[in-house]
Amino acid sequence: MNIAETDQLSQLERTKIQNEIAEELVDHWFKAASTGVCVAFVAGSSFFALFYHRANILLLSLWLFGLCVAILGIAGLNFSYKRFKTKFSTQQWNFALSCFVVATTFFWGSTILFNPDDMVQQFILLAILFIAAASFSIITVGMFYVSVMCVSFILFPVAAWFFLKGAFYYDIGGIFVLIYIIFLSGMNFRSTKWLIHSLQLSKMLSSFTHQANHDLLTDLPNQRMLAQYIENSIKTVTATNENFALISFGINRLEMFNNSLGYLASDLIINSISKRLSSQLLELNQLDKKKRIVTRPRPDAFVILIVPIVPADINKEVNQLFLTLNKPFHLENRESRLTGSAGVTIFPQDSKDAEKLLTNTYAAMFEAKAKGGNQIAFYKAAMTSNTPHLLEIENDLNNAILRKEFLVYYQPLVDLQSQTICGVEALIRWNHPERGFISPIDFIPVAEETGLILPIGEWVLNEALLQTKAWHKQGFDGLKIAVNLAAKQLRQGNLIETIDNALKRSGIDPQCIELELTETALLDESLSPLISQISKRGISLSIDDFGTGYSGLSYLKHFHVDKIKIDKSFIDDVVSNNDSAAIVTATLAMAKELGIKTLAEGVETKEQLAFLQARECQYIQGYYFSKPLAATALAELLRDGISTKFQT
């Protein structure tokens, strides 16, 4: 993609939200205009009858004919809009409706020519025109400039009529008309501003609500939606005395791609697989009466729900899933093939509880993984959520703490304004003596479930602070260290004591520490005193993986949040996906208004960097600058700097 194409794409991304709002405004206006058509026809007919014997009948008939043509034009345009909306752009529909509406107001303004000498009749006509102007001001809310034209076309002739009369009282009337024009325009301006602001908030809320229920990488339903699907399926098949199946479909060897090509490569694979699965299951759904739903409730697996199903057909269904992996994947001009592992559980024979069914299918998937590639395992009563694989990890975790097998790696946090490394994030790594490096995705969930995350988290905090103090002594003053806090750490009774001991042991300035919390942690009101104590010590607070948790943002008002970290899943396709671009742009704008710093995670390309720079993102983190490094390697990077990464 050349620079011109990138600029064009960025412009499209920047205007996406505005275009959607413009479309909704036109929808709103067409609805209002269609209602006004009937009123305008009745009002025009009444006016014709009222002045039939008081004005030139030919001119009055021509006036009514022109008004009816304009009204019928609006009606016909509304009819066409409902049926051919996508045939023309929003701007074209907007312009066409504007022309007909303004034409209608032109005819209403010209009625001043029929104003008789009788004072009572003059008052009636003027009252009609004032009411008409107010009506057009109301129906054009959202279209301010059109509103000004409509009001002006109706009332400027009235003002001119007053001033031409020449008398003092008529001059006062003319001035009043001009003030009324300003009043209606101001009222429409404020109403338009309120309506647009409401639409913006509605779209942001809709985006965050959607993200709360869907996987950010694949846009498939996530854990929350899957639980609802299972509950609904239980009700359905219970009534019909049928079965349904849950299939956990895990992809093997993804960690290899993470280590060799980076997380962007594995994300591309996951996204490709999700599209293949969705397409294939859609075709199968059209062939029979089964309902197949694919979800992504966890990073290492898809879960497919099939309702209803005969148990004898499950092997055939799983083999269809394996077919999606037959076609090779192309990464960096290399052809790669993958295998899967499928774990199956069946309702009601395995369980009648939604949560237990999920546990069963995951346990069966781990069993299938142990067998090798493209294997299937049905849940058995002997299986539990603690499969041999997980039990082995749990036992090894205990030994890892004692044997000091854990390492802390550090990934730079880059200040875009100064183009320097301003801090680092501490990331734990496990160097197993037999299996080598084990991904945090594999052992952190086990550590959290077993409670081992508490001693591990305390060790990481102490190690990170001591290392940062050492860097300060080497001349890298002010370098900040970011450390993640797990949910269980926040709920342990001695977290403040743990933090104070780590501060005392390292001697580091609390202002050089940033603790990363999840969005859901800040929603627990019982944690409010704890978080306040952390803030009082001068320690910064940041929200990790912002946008992937709770859809409400009220917690930003209640806590002193210093920084939000925009989740990597938004950044991955921010230069190619309008939805991601719109969400990132809105998040950055919102944070700027609230005075909160912003950091984008997972930046891996120059195009992503340019996108974020253009939108005034303050900090960046990702493979484009550096992968997580050991302490010695990070010190060398601090000395060398990263300025070359910003050179075009």
# chains A, B, ... in the order shown; residues from 1 in each chain; ligands from 1
$ residues_around --residues "Asp477 (chain A)" --least-positions-apart "5" --cutoff "12 Å" --atoms "only C-alpha atoms" --output "tab-separated table (two decimals) with C-alpha atoms, in the first residue's frame"
chain	number	residue	atom	x	y	z
A	421	ILE	CA	11.43	5.07	25.91
A	422	CYS	CA	9.64	6.48	28.96
A	423	GLY	CA	8.90	3.24	30.74
A	468	THR	CA	13.94	-0.46	37.77
A	469	LYS	CA	15.88	1.02	40.70
A	470	ALA	CA	19.02	-0.54	39.25
A	471	TRP	CA	18.31	1.16	35.90
A	472	HIS	CA	17.86	4.46	37.72
A	508	ILE	CA	12.11	3.41	44.34
A	509	ASP	CA	10.04	6.58	44.04
A	511	GLN	CA	5.77	8.06	41.15
A	512	CYS	CA	7.86	5.76	38.95
A	638	LEU	CA	17.77	2.25	26.55
$ residues_around --residues "Gly622 (chain A)" --least-positions-apart "4" --cutoff "9 Å" --atoms "only C-alpha atoms" --output "PyMOL selection string"
chain A and resi 411-413+568+600-604+626-628
$ write_last_selection --atoms "all heavy atoms" --output "PDB file, in the first residue's frame"
ATOM      1  N   GLN A 411       9.044  -4.936  28.272  1.00  0.00           N
ATOM      2  CA  GLN A 411       8.747  -4.380  26.950  1.00  0.00           C
ATOM      3  C   GLN A 411       8.655  -2.858  27.056  1.00  0.00           C
ATOM      4  O   GLN A 411       7.948  -2.325  27.918  1.00  0.00           O
ATOM      5  CB  GLN A 411       7.436  -4.939  26.399  1.00  0.00           C
ATOM      6  CG  GLN A 411       7.194  -4.545  24.941  1.00  0.00           C
ATOM      7  CD  GLN A 411       6.042  -5.315  24.314  1.00  0.00           C
ATOM      8  OE1 GLN A 411       5.088  -5.665  24.993  1.00  0.00           O
ATOM      9  NE2 GLN A 411       6.128  -5.580  23.017  1.00  0.00           N
ATOM     10  N   PRO A 412       9.335  -2.134  26.164  1.00  0.00           N
ATOM     11  CA  PRO A 412       9.381  -0.664  26.259  1.00  0.00           C
ATOM     12  C   PRO A 412       8.014  -0.020  26.038  1.00  0.00           C
ATOM     13  O   PRO A 412       7.198  -0.486  25.238  1.00  0.00           O
ATOM     14  CB  PRO A 412      10.346  -0.264  25.141  1.00  0.00           C
ATOM     15  CG  PRO A 412      11.114  -1.495  24.821  1.00  0.00           C
ATOM     16  CD  PRO A 412      10.200  -2.640  25.095  1.00  0.00           C
ATOM     17  N   LEU A 413       7.794   1.077  26.766  1.00  0.00           N
ATOM     18  CA  LEU A 413       6.662   1.970  26.554  1.00  0.00           C
ATOM     19  C   LEU A 413       7.233   3.246  25.955  1.00  0.00           C
ATOM     20  O   LEU A 413       8.118   3.869  26.545  1.00  0.00           O
ATOM     21  CB  LEU A 413       5.939   2.267  27.865  1.00  0.00           C
ATOM     22  CG  LEU A 413       5.573   1.059  28.738  1.00  0.00           C
ATOM     23  CD1 LEU A 413       4.868   1.512  30.007  1.00  0.00           C
ATOM     24  CD2 LEU A 413       4.698   0.083  27.972  1.00  0.00           C
ATOM     25  N   LYS A 568      -4.828  -4.554  22.200  1.00  0.00           N
ATOM     26  CA  LYS A 568      -4.153  -4.946  20.958  1.00  0.00           C
ATOM     27  C   LYS A 568      -5.121  -5.364  19.857  1.00  0.00           C
ATOM     28  O   LYS A 568      -4.884  -5.117  18.675  1.00  0.00           O
ATOM     29  CB  LYS A 568      -3.197  -6.098  21.272  1.00  0.00           C
ATOM     30  CG  LYS A 568      -2.479  -6.685  20.059  1.00  0.00           C
ATOM     31  CD  LYS A 568      -1.622  -7.867  20.488  1.00  0.00           C
ATOM     32  CE  LYS A 568      -0.886  -8.470  19.308  1.00  0.00           C
ATOM     33  NZ  LYS A 568      -1.798  -9.028  18.295  1.00  0.00           N
ATOM     34  N   ALA A 600      -1.347   2.702  23.276  1.00  0.00           N
ATOM     35  CA  ALA A 600      -1.835   1.666  22.356  1.00  0.00           C
ATOM     36  C   ALA A 600      -0.931   0.443  22.451  1.00  0.00           C
ATOM     37  O   ALA A 600       0.287   0.544  22.314  1.00  0.00           O
ATOM     38  CB  ALA A 600      -1.860   2.193  20.926  1.00  0.00           C
ATOM     39  N   GLU A 601      -1.540  -0.713  22.681  1.00  0.00           N
ATOM     40  CA  GLU A 601      -0.786  -1.965  22.793  1.00  0.00           C
ATOM     41  C   GLU A 601      -0.704  -2.661  21.434  1.00  0.00           C
ATOM     42  O   GLU A 601      -1.580  -2.499  20.586  1.00  0.00           O
ATOM     43  CB  GLU A 601      -1.478  -2.904  23.783  1.00  0.00           C
ATOM     44  CG  GLU A 601      -1.558  -2.380  25.203  1.00  0.00           C
ATOM     45  CD  GLU A 601      -2.266  -3.356  26.121  1.00  0.00           C
ATOM     46  OE1 GLU A 601      -3.462  -3.620  25.903  1.00  0.00           O
ATOM     47  OE2 GLU A 601      -1.630  -3.864  27.051  1.00  0.00           O
ATOM     48  N   GLY A 602       0.335  -3.449  21.253  1.00  0.00           N
ATOM     49  CA  GLY A 602       0.418  -4.323  20.095  1.00  0.00           C
ATOM     50  C   GLY A 602       0.715  -3.624  18.787  1.00  0.00           C
ATOM     51  O   GLY A 602       0.310  -4.106  17.729  1.00  0.00           O
ATOM     52  N   VAL A 603       1.419  -2.496  18.816  1.00  0.00           N
ATOM     53  CA  VAL A 603       1.778  -1.802  17.576  1.00  0.00           C
ATOM     54  C   VAL A 603       2.901  -2.574  16.891  1.00  0.00           C
ATOM     55  O   VAL A 603       3.973  -2.769  17.469  1.00  0.00           O
ATOM     56  CB  VAL A 603       2.224  -0.357  17.867  1.00  0.00           C
ATOM     57  CG1 VAL A 603       2.684   0.322  16.590  1.00  0.00           C
ATOM     58  CG2 VAL A 603       1.098   0.419  18.513  1.00  0.00           C
ATOM     59  N   GLU A 604       2.645  -3.019  15.662  1.00  0.00           N
ATOM     60  CA  GLU A 604       3.622  -3.863  14.967  1.00  0.00           C
ATOM     61  C   GLU A 604       4.011  -3.338  13.589  1.00  0.00           C
ATOM     62  O   GLU A 604       4.918  -3.894  12.958  1.00  0.00           O
ATOM     63  CB  GLU A 604       3.074  -5.282  14.836  1.00  0.00           C
ATOM     64  CG  GLU A 604       2.822  -5.945  16.177  1.00  0.00           C
ATOM     65  CD  GLU A 604       2.492  -7.433  16.056  1.00  0.00           C
ATOM     66  OE1 GLU A 604       2.481  -7.955  14.934  1.00  0.00           O
ATOM     67  OE2 GLU A 604       2.253  -8.060  17.081  1.00  0.00           O
ATOM     68  N   SER A 626       9.954  -3.019  19.963  1.00  0.00           N
ATOM     69  CA  SER A 626      10.750  -4.081  20.591  1.00  0.00           C
ATOM     70  C   SER A 626       9.828  -5.145  21.166  1.00  0.00           C
ATOM     71  O   SER A 626       8.762  -4.839  21.694  1.00  0.00           O
ATOM     72  CB  SER A 626      11.613  -3.498  21.714  1.00  0.00           C
ATOM     73  OG  SER A 626      12.266  -4.534  22.423  1.00  0.00           O
ATOM     74  N   LYS A 627      10.252  -6.390  21.074  1.00  0.00           N
ATOM     75  CA  LYS A 627       9.576  -7.458  21.792  1.00  0.00           C
ATOM     76  C   LYS A 627      10.014  -7.384  23.258  1.00  0.00           C
ATOM     77  O   LYS A 627      10.956  -6.655  23.601  1.00  0.00           O
ATOM     78  CB  LYS A 627       9.960  -8.803  21.197  1.00  0.00           C
ATOM     79  CG  LYS A 627      11.437  -9.143  21.328  1.00  0.00           C
ATOM     80  CD  LYS A 627      11.748 -10.487  20.688  1.00  0.00           C
ATOM     81  CE  LYS A 627      13.241 -10.826  20.841  1.00  0.00           C
ATOM     82  NZ  LYS A 627      13.565 -12.134  20.239  1.00  0.00           N
ATOM     83  N   PRO A 628       9.354  -8.102  24.159  1.00  0.00           N
ATOM     84  CA  PRO A 628       9.817  -8.132  25.548  1.00  0.00           C
ATOM     85  C   PRO A 628      11.252  -8.653  25.626  1.00  0.00           C
ATOM     86  O   PRO A 628      11.606  -9.635  24.977  1.00  0.00           O
ATOM     87  CB  PRO A 628       8.833  -9.091  26.225  1.00  0.00           C
ATOM     88  CG  PRO A 628       7.603  -9.024  25.381  1.00  0.00           C
ATOM     89  CD  PRO A 628       8.087  -8.845  23.982  1.00  0.00           C
TER      90      PRO A 628
END
$ residues_around --residues "Ser535 (chain A)" --least-positions-apart "4" --cutoff "10 Å" --atoms "only C-alpha atoms" --output "ChimeraX atom specification"
/A:510-511,515,529-531,539-541,559-562
$ atom_distance --atom1 "CA of Arg505 (chain A)" --atom2 "CA of Thr420 (chain A)"
28.4 Å
$ residues_around --residues "Ile346 (chain A)" --least-positions-apart "5" --cutoff "9 Å" --atoms "only C-alpha atoms" --output "list in words"
Asn243, Phe244, Ala245, Leu246, Ile247, Pro311, Ser351, Leu357, Thr361, Phe378 and Tyr379 of chain A
$ write_last_selection --atoms "C-alpha atoms" --output "PDB file, in the first residue's frame"
ATOM      1  CA  ASN A 243     -29.860 -33.443  22.368  1.00  0.00           C
ATOM      2  CA  PHE A 244     -27.366 -30.722  21.601  1.00  0.00           C
ATOM      3  CA  ALA A 245     -23.572 -30.790  21.487  1.00  0.00           C
ATOM      4  CA  LEU A 246     -20.822 -28.418  22.535  1.00  0.00           C
ATOM      5  CA  ILE A 247     -17.570 -28.829  20.621  1.00  0.00           C
ATOM      6  CA  PRO A 311     -25.000 -38.335  18.969  1.00  0.00           C
ATOM      7  CA  SER A 351     -24.713 -32.640  32.264  1.00  0.00           C
ATOM      8  CA  LEU A 357     -21.104 -28.387  30.033  1.00  0.00           C
ATOM      9  CA  THR A 361     -15.971 -29.632  26.631  1.00  0.00           C
ATOM     10  CA  PHE A 378     -15.753 -37.233  23.998  1.00  0.00           C
ATOM     11  CA  TYR A 379     -16.279 -36.168  27.568  1.00  0.00           C
TER      12      TYR A 379
END
$ residues_around --residues "region 394-407 of chain A" --least-positions-apart "5" --cutoff "6 Å" --atoms "only C-alpha atoms" --output "PDB file with N, CA, C and O atoms, in the first residue's frame"
ATOM      1  N   ILE A 428       5.909 -11.575  32.904  1.00  0.00           N
ATOM      2  CA  ILE A 428       6.492 -12.801  33.444  1.00  0.00           C
ATOM      3  C   ILE A 428       6.675 -13.844  32.350  1.00  0.00           C
ATOM      4  O   ILE A 428       5.873 -13.955  31.423  1.00  0.00           O
ATOM      5  N   ARG A 429       7.759 -14.595  32.462  1.00  0.00           N
ATOM      6  CA  ARG A 429       8.048 -15.714  31.562  1.00  0.00           C
ATOM      7  C   ARG A 429       8.447 -16.917  32.418  1.00  0.00           C
ATOM      8  O   ARG A 429       9.048 -16.770  33.480  1.00  0.00           O
ATOM      9  N   TRP A 430       8.104 -18.087  31.923  1.00  0.00           N
ATOM     10  CA  TRP A 430       8.421 -19.320  32.654  1.00  0.00           C
ATOM     11  C   TRP A 430       9.333 -20.171  31.786  1.00  0.00           C
ATOM     12  O   TRP A 430       8.932 -20.664  30.742  1.00  0.00           O
ATOM     13  N   ASN A 431      10.551 -20.352  32.252  1.00  0.00           N
ATOM     14  CA  ASN A 431      11.523 -21.187  31.548  1.00  0.00           C
ATOM     15  C   ASN A 431      11.541 -22.559  32.213  1.00  0.00           C
ATOM     16  O   ASN A 431      12.286 -22.816  33.153  1.00  0.00           O
TER      17      ASN A 431
END
$ residues_around --residues "Ser643 (chain A)" --least-positions-apart "5" --cutoff "12 Å" --atoms "only C-alpha atoms" --output "PDB file with C-alpha atoms, in the first residue's frame"
ATOM      1  CA  VAL A 414       7.369   4.707  24.015  1.00  0.00           C
ATOM      2  CA  ASP A 415       6.503   8.403  24.368  1.00  0.00           C
ATOM      3  CA  LEU A 416       5.427   9.525  20.888  1.00  0.00           C
ATOM      4  CA  GLN A 417       6.063  13.195  21.566  1.00  0.00           C
ATOM      5  CA  SER A 418       9.682  12.819  22.680  1.00  0.00           C
ATOM      6  CA  GLN A 419      10.191   9.624  20.632  1.00  0.00           C
ATOM      7  CA  THR A 420      11.963   8.015  23.584  1.00  0.00           C
ATOM      8  CA  ILE A 421      11.426   5.070  25.913  1.00  0.00           C
ATOM      9  CA  PHE A 625       9.710  -0.994  18.665  1.00  0.00           C
ATOM     10  CA  LEU A 637      18.095  -0.618  24.061  1.00  0.00           C
ATOM     11  CA  LEU A 638      17.770   2.246  26.549  1.00  0.00           C
ATOM     12  CA  THR A 648      10.479   7.576   7.185  1.00  0.00           C
TER      13      THR A 648
END
$ atom_distance --atom1 "CA of Leu503 (chain A)" --atom2 "CA of Ile564 (chain A)"
23.7 Å
$ closest_residue --among "A:Ser233, A:Lys165, A:Leu325, A:Pro297" --to "His214 (chain A)" --atoms "only C-alpha atoms"
A:Pro297
$ select_by_dssp --residues "region 70-264 of chain A" --states "helix (DSSP H, G or I)" --output "PyMOL selection string"
chain A and resi 70-87+90-114+119-139+144-165+168-213+223-240+254-261+263-264
$ atom_distance --atom1 "CA of Arg435 (chain A)" --atom2 "CA of Asn252 (chain A)"
16.0 Å
$ select_by_dssp --residues "region 412-507 of chain A" --states "strand (DSSP E or B)" --output "compact mmCIF listing (two decimals) with C-alpha atoms, in the first residue's frame"
# COMPACT_ATOMS: atom_id res chain seq x y z
CA PRO A 412 9.38 -0.66 26.26
CA LEU A 413 6.66 1.97 26.55
CA VAL A 414 7.37 4.71 24.01
CA ASP A 415 6.50 8.40 24.37
CA THR A 420 11.96 8.02 23.58
CA ILE A 421 11.43 5.07 25.91
CA CYS A 422 9.64 6.48 28.96
CA GLY A 423 8.90 3.24 30.74
CA VAL A 424 8.68 -0.55 30.55
CA GLU A 425 6.04 -3.14 31.31
CA ALA A 426 7.06 -6.14 33.41
CA LEU A 427 5.98 -9.43 31.81
CA ILE A 428 6.49 -12.80 33.44
CA ARG A 429 8.05 -15.71 31.56
CA TRP A 430 8.42 -19.32 32.65
CA ASN A 431 11.52 -21.19 31.55
CA HIS A 432 10.57 -24.80 32.27
CA GLY A 436 11.38 -24.68 27.62
CA PHE A 437 9.45 -21.41 27.66
CA ILE A 438 5.78 -21.91 28.50
CA LYS A 480 8.65 4.10 34.94
CA ILE A 481 7.77 0.47 35.53
CA ALA A 482 4.29 -0.93 34.79
CA VAL A 483 3.20 -4.06 36.67
CA ASN A 484 -0.05 -5.99 36.23
$ closest_residue --among "A:Asp267, A:Asp640, A:Glu231, A:Glu448" --to "Ile251 (chain A)" --atoms "only C-alpha atoms"
A:Asp267
$ decode --residues "region 89-108 of chain A" --atoms "N, CA, C and O atoms" --output "compact mmCIF listing (two decimals), in the first residue's frame"
# COMPACT_ATOMS: atom_id res chain seq x y z
N SER A 89 -26.05 8.11 -2.47
CA SER A 89 -25.33 8.44 -1.24
C SER A 89 -26.22 9.26 -0.31
O SER A 89 -27.24 9.84 -0.72
N THR A 90 -25.82 9.31 0.96
CA THR A 90 -26.55 10.10 1.95
C THR A 90 -26.61 11.56 1.55
O THR A 90 -27.63 12.24 1.70
N GLN A 91 -25.49 12.08 1.00
CA GLN A 91 -25.44 13.48 0.59
C GLN A 91 -26.43 13.77 -0.53
O GLN A 91 -27.06 14.84 -0.56
N GLN A 92 -26.59 12.81 -1.45
CA GLN A 92 -27.51 13.02 -2.57
C GLN A 92 -28.97 13.04 -2.09
O GLN A 92 -29.76 13.88 -2.51
N TRP A 93 -29.32 12.12 -1.21
CA TRP A 93 -30.67 12.13 -0.65
C TRP A 93 -30.91 13.40 0.14
O TRP A 93 -32.00 14.00 0.07
N ASN A 94 -29.92 13.80 0.89
CA ASN A 94 -30.01 15.02 1.70
C ASN A 94 -30.26 16.24 0.82
O ASN A 94 -31.14 17.07 1.08
N PHE A 95 -29.51 16.35 -0.26
CA PHE A 95 -29.64 17.49 -1.16
C PHE A 95 -31.01 17.51 -1.83
O PHE A 95 -31.66 18.57 -1.93
N ALA A 96 -31.48 16.34 -2.27
CA ALA A 96 -32.77 16.27 -2.95
C ALA A 96 -33.91 16.69 -2.03
O ALA A 96 -34.78 17.48 -2.41
N LEU A 97 -33.90 16.17 -0.80
CA LEU A 97 -34.95 16.53 0.15
C LEU A 97 -34.87 18.00 0.51
O LEU A 97 -35.91 18.67 0.65
N SER A 98 -33.63 18.51 0.65
CA SER A 98 -33.45 19.94 0.98
C SER A 98 -34.10 20.81 -0.09
O SER A 98 -34.77 21.81 0.23
N CYS A 99 -33.90 20.47 -1.34
CA CYS A 99 -34.45 21.27 -2.44
C CYS A 99 -35.97 21.31 -2.38
O CYS A 99 -36.58 22.39 -2.51
N PHE A 100 -36.62 20.18 -2.16
CA PHE A 100 -38.08 20.14 -2.14
C PHE A 100 -38.64 20.86 -0.91
O PHE A 100 -39.65 21.56 -1.00
N VAL A 101 -37.98 20.68 0.24
CA VAL A 101 -38.46 21.33 1.46
C VAL A 101 -38.31 22.84 1.35
O VAL A 101 -39.22 23.61 1.69
N VAL A 102 -37.16 23.31 0.86
CA VAL A 102 -36.94 24.75 0.70
C VAL A 102 -37.93 25.31 -0.32
O VAL A 102 -38.45 26.42 -0.16
N ALA A 103 -38.22 24.54 -1.38
CA ALA A 103 -39.21 24.98 -2.37
C ALA A 103 -40.57 25.16 -1.72
O ALA A 103 -41.31 26.11 -2.02
N THR A 104 -40.92 24.26 -0.81
CA THR A 104 -42.19 24.37 -0.10
C THR A 104 -42.25 25.66 0.71
O THR A 104 -43.27 26.37 0.73
N THR A 105 -41.15 25.99 1.38
CA THR A 105 -41.13 27.22 2.19
C THR A 105 -41.19 28.46 1.31
O THR A 105 -41.70 29.50 1.73
N PHE A 106 -40.66 28.37 0.10
CA PHE A 106 -40.74 29.50 -0.83
C PHE A 106 -42.20 29.84 -1.12
O PHE A 106 -42.59 31.02 -1.14
N PHE A 107 -43.03 28.82 -1.31
CA PHE A 107 -44.44 29.06 -1.59
C PHE A 107 -45.15 29.64 -0.37
O PHE A 107 -46.01 30.51 -0.50
N TRP A 108 -44.76 29.15 0.83
CA TRP A 108 -45.38 29.72 2.03
C TRP A 108 -44.97 31.17 2.21
O TRP A 108 -45.78 32.02 2.62
